[in-house]
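The structure appears right after this line, and notes come after that.
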Amino acid sequence: MTKPQMQRSPQRIVSGQAFDEDARIEASVRPQRLADFIGQSRVKENISIAVEAARSRGEALDHVLLYGPPGLGKTTLAQILSIELGVAIKTSSGPLLERKGDLTAILTSLEPC
């Protein structure tokens with residue numbers, strides 16, 4: 001008589017955690033320049049004017065708040081802004097900010113450019 005073989009549960013391929021491969025693919029798919037970003041023409045124009053004005057003054061860009069429902073390109077625009085200005089970016093999402101000190105912790109962990 002043979003021993004019954006143990007059924008192995010299949011490896012779960014769906015996860016909320018990003019893999020290194022996901023980050024590489026995402027970086028290659030997202031546009032790197034404002035000219036490559038499709039859609040949101042009015043927003044692109046406003047951002048372009050603000051970036052050019054900051055460059056011509058030799059100053060930092062004023063605060064920018066991007067808001068709206070998922071899928072509009074807020075994260076992509078934020079990354080484009082950092083590339084266009086040649087600065088580092090630190091991203092977070094609203095649901096990660098649960099307690100009063102969460103945003104403070106993020107802000108104090110920033111390094112000067």
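Residue numbers start at 1 in each chain; chains themselves are named A, B, ... in the order of the structure tokens; ligands are numbered from 1 in the order shown.
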
>> Excluding segment 79-83 of chain A and its own-chain neighbours fewer than 6 positions away, which residues fall within 10 Å of it when counting only C-alpha atoms? Please give them as a ChimeraX atom specification.
In response: /A:27,30-37,47-48,51,61,64,73,89-91

Please produce a file of those selected residues containing all heavy atoms, as a short mmCIF file (atom, residue, chain, number, x, y, z; two decimals), in the first residue's frame.
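Generated file (part.cif):
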```cif
data_model
loop_
_atom_site.label_atom_id
_atom_site.label_comp_id
_atom_site.auth_asym_id
_atom_site.auth_seq_id
_atom_site.Cartn_x
_atom_site.Cartn_y
_atom_site.Cartn_z
N ALA A 27 8.18 51.48 -13.43
CA ALA A 27 9.07 52.59 -13.80
C ALA A 27 9.24 52.70 -15.30
O ALA A 27 9.36 53.79 -15.85
CB ALA A 27 10.42 52.44 -13.11
N ARG A 30 5.60 54.14 -16.83
CA ARG A 30 5.19 55.52 -16.54
C ARG A 30 5.99 56.51 -17.37
O ARG A 30 7.19 56.36 -17.55
CB ARG A 30 5.41 55.84 -15.06
CG ARG A 30 4.44 55.16 -14.14
CD ARG A 30 4.68 55.63 -12.72
NE ARG A 30 3.95 54.85 -11.77
CZ ARG A 30 2.79 55.23 -11.21
NH1 ARG A 30 2.27 56.38 -11.53
NH2 ARG A 30 2.20 54.47 -10.35
N PRO A 31 5.33 57.57 -17.85
CA PRO A 31 6.06 58.61 -18.59
C PRO A 31 7.05 59.32 -17.67
O PRO A 31 6.81 59.47 -16.48
CB PRO A 31 4.97 59.55 -19.07
CG PRO A 31 3.77 59.24 -18.29
CD PRO A 31 3.91 57.86 -17.76
N GLN A 32 8.17 59.76 -18.23
CA GLN A 32 9.22 60.40 -17.46
C GLN A 32 9.20 61.92 -17.59
O GLN A 32 9.81 62.62 -16.79
CB GLN A 32 10.59 59.88 -17.89
CG GLN A 32 10.75 58.38 -17.74
CD GLN A 32 10.73 57.96 -16.28
OE1 GLN A 32 11.55 58.44 -15.50
NE2 GLN A 32 9.82 57.10 -15.92
N ARG A 33 8.57 62.44 -18.61
CA ARG A 33 8.52 63.88 -18.86
C ARG A 33 7.07 64.33 -19.02
O ARG A 33 6.20 63.56 -19.43
CB ARG A 33 9.30 64.24 -20.14
CG ARG A 33 10.75 63.90 -20.07
CD ARG A 33 11.45 64.93 -19.23
NE ARG A 33 12.83 64.55 -19.02
CZ ARG A 33 13.54 65.00 -18.02
NH1 ARG A 33 13.04 65.83 -17.17
NH2 ARG A 33 14.78 64.61 -17.86
N LEU A 34 6.82 65.60 -18.75
CA LEU A 34 5.48 66.15 -18.86
C LEU A 34 4.97 66.06 -20.29
O LEU A 34 3.78 65.81 -20.51
CB LEU A 34 5.49 67.61 -18.38
CG LEU A 34 4.17 68.21 -17.93
CD1 LEU A 34 3.49 67.34 -16.89
CD2 LEU A 34 4.39 69.60 -17.39
N ALA A 35 5.84 66.20 -21.26
CA ALA A 35 5.44 66.12 -22.67
C ALA A 35 4.96 64.71 -23.03
O ALA A 35 4.16 64.56 -23.96
CB ALA A 35 6.61 66.51 -23.57
N ASP A 36 5.41 63.70 -22.31
CA ASP A 36 5.01 62.32 -22.60
C ASP A 36 3.72 61.92 -21.90
O ASP A 36 3.15 60.87 -22.21
CB ASP A 36 6.11 61.35 -22.16
CG ASP A 36 7.41 61.61 -22.88
OD1 ASP A 36 7.37 62.11 -24.02
OD2 ASP A 36 8.47 61.31 -22.30
N PHE A 37 3.26 62.72 -20.96
CA PHE A 37 2.04 62.43 -20.20
C PHE A 37 0.82 62.69 -21.07
O PHE A 37 0.68 63.78 -21.63
CB PHE A 37 2.00 63.29 -18.93
CG PHE A 37 0.87 62.96 -17.99
CD1 PHE A 37 0.99 61.91 -17.10
CD2 PHE A 37 -0.29 63.71 -17.99
CE1 PHE A 37 -0.04 61.61 -16.23
CE2 PHE A 37 -1.32 63.42 -17.12
CZ PHE A 37 -1.20 62.37 -16.23
N ILE A 47 1.05 73.02 -14.58
CA ILE A 47 2.28 72.51 -13.99
C ILE A 47 3.49 72.98 -14.78
O ILE A 47 4.50 73.37 -14.21
CB ILE A 47 2.23 70.97 -13.89
CG1 ILE A 47 1.23 70.56 -12.81
CG2 ILE A 47 3.61 70.39 -13.61
CD1 ILE A 47 1.01 69.07 -12.71
N SER A 48 3.38 72.96 -16.10
CA SER A 48 4.48 73.40 -16.95
C SER A 48 4.83 74.86 -16.68
O SER A 48 6.01 75.22 -16.58
CB SER A 48 4.10 73.20 -18.41
OG SER A 48 5.11 73.67 -19.26
N VAL A 51 6.57 75.11 -13.24
CA VAL A 51 7.93 74.58 -13.28
C VAL A 51 8.87 75.56 -13.99
O VAL A 51 9.97 75.85 -13.50
CB VAL A 51 7.97 73.19 -13.97
CG1 VAL A 51 9.39 72.77 -14.29
CG2 VAL A 51 7.28 72.15 -13.10
N LEU A 61 9.93 75.07 -6.41
CA LEU A 61 8.53 75.13 -6.83
C LEU A 61 7.65 75.30 -5.60
O LEU A 61 7.91 74.70 -4.55
CB LEU A 61 8.16 73.85 -7.57
CG LEU A 61 6.74 73.73 -8.10
CD1 LEU A 61 6.48 74.75 -9.20
CD2 LEU A 61 6.51 72.33 -8.66
N VAL A 64 2.49 71.96 -4.22
CA VAL A 64 1.57 71.43 -5.22
C VAL A 64 0.73 70.37 -4.53
O VAL A 64 1.26 69.48 -3.86
CB VAL A 64 2.33 70.80 -6.41
CG1 VAL A 64 1.37 70.17 -7.39
CG2 VAL A 64 3.18 71.85 -7.09
N GLY A 73 -3.79 59.90 -12.53
CA GLY A 73 -2.39 60.15 -12.81
C GLY A 73 -1.69 61.02 -11.78
O GLY A 73 -0.66 61.61 -12.09
N ILE A 89 11.93 62.32 -4.57
CA ILE A 89 10.53 62.29 -4.19
C ILE A 89 10.31 61.22 -3.14
O ILE A 89 10.95 60.17 -3.17
CB ILE A 89 9.63 62.03 -5.43
CG1 ILE A 89 8.15 62.08 -5.04
CG2 ILE A 89 9.97 60.70 -6.07
CD1 ILE A 89 7.21 62.05 -6.22
N LYS A 90 9.45 61.51 -2.18
CA LYS A 90 9.06 60.55 -1.14
C LYS A 90 7.55 60.44 -1.24
O LYS A 90 6.84 61.42 -1.09
CB LYS A 90 9.49 61.06 0.24
CG LYS A 90 9.03 60.24 1.37
CD LYS A 90 9.90 59.04 1.56
CE LYS A 90 9.52 58.32 2.83
NZ LYS A 90 10.36 57.18 3.08
N THR A 91 7.05 59.26 -1.56
CA THR A 91 5.61 59.08 -1.74
C THR A 91 4.99 58.35 -0.57
O THR A 91 5.66 57.57 0.13
CB THR A 91 5.30 58.30 -3.03
OG1 THR A 91 5.92 57.03 -2.96
CG2 THR A 91 5.79 59.05 -4.26
#
```

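Among A:Leu103, A:Ala23, A:Ala54, A:Leu110, the residue with the shortest atom-to-atom distance to Ala88 of chain A, counting only C-alpha atoms, is A:Leu110.
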
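Put simply, atom CA of Gln40 of chain A is 8.3 Å away from atom CA of Leu72 of chain A.
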
> From the set A:Val29, A:Arg99, A:Glu21, A:Lys44, which residue has the shortest atom-to-atom contact distance to Lys74 of chain A, counting only C-alpha atoms?
Replying inline: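 Counting only C-alpha atoms, the residue closest to Lys74 of chain A is A:Lys44.
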
> Between A:Val87, A:Ile25, A:Val43, A:Ala78, which has the minimum distance to Glu111 of chain A (counting only C-alpha atoms)?
Replying inline: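 Using only C-alpha atoms, Glu111 of chain A sits closest to A:Val87.
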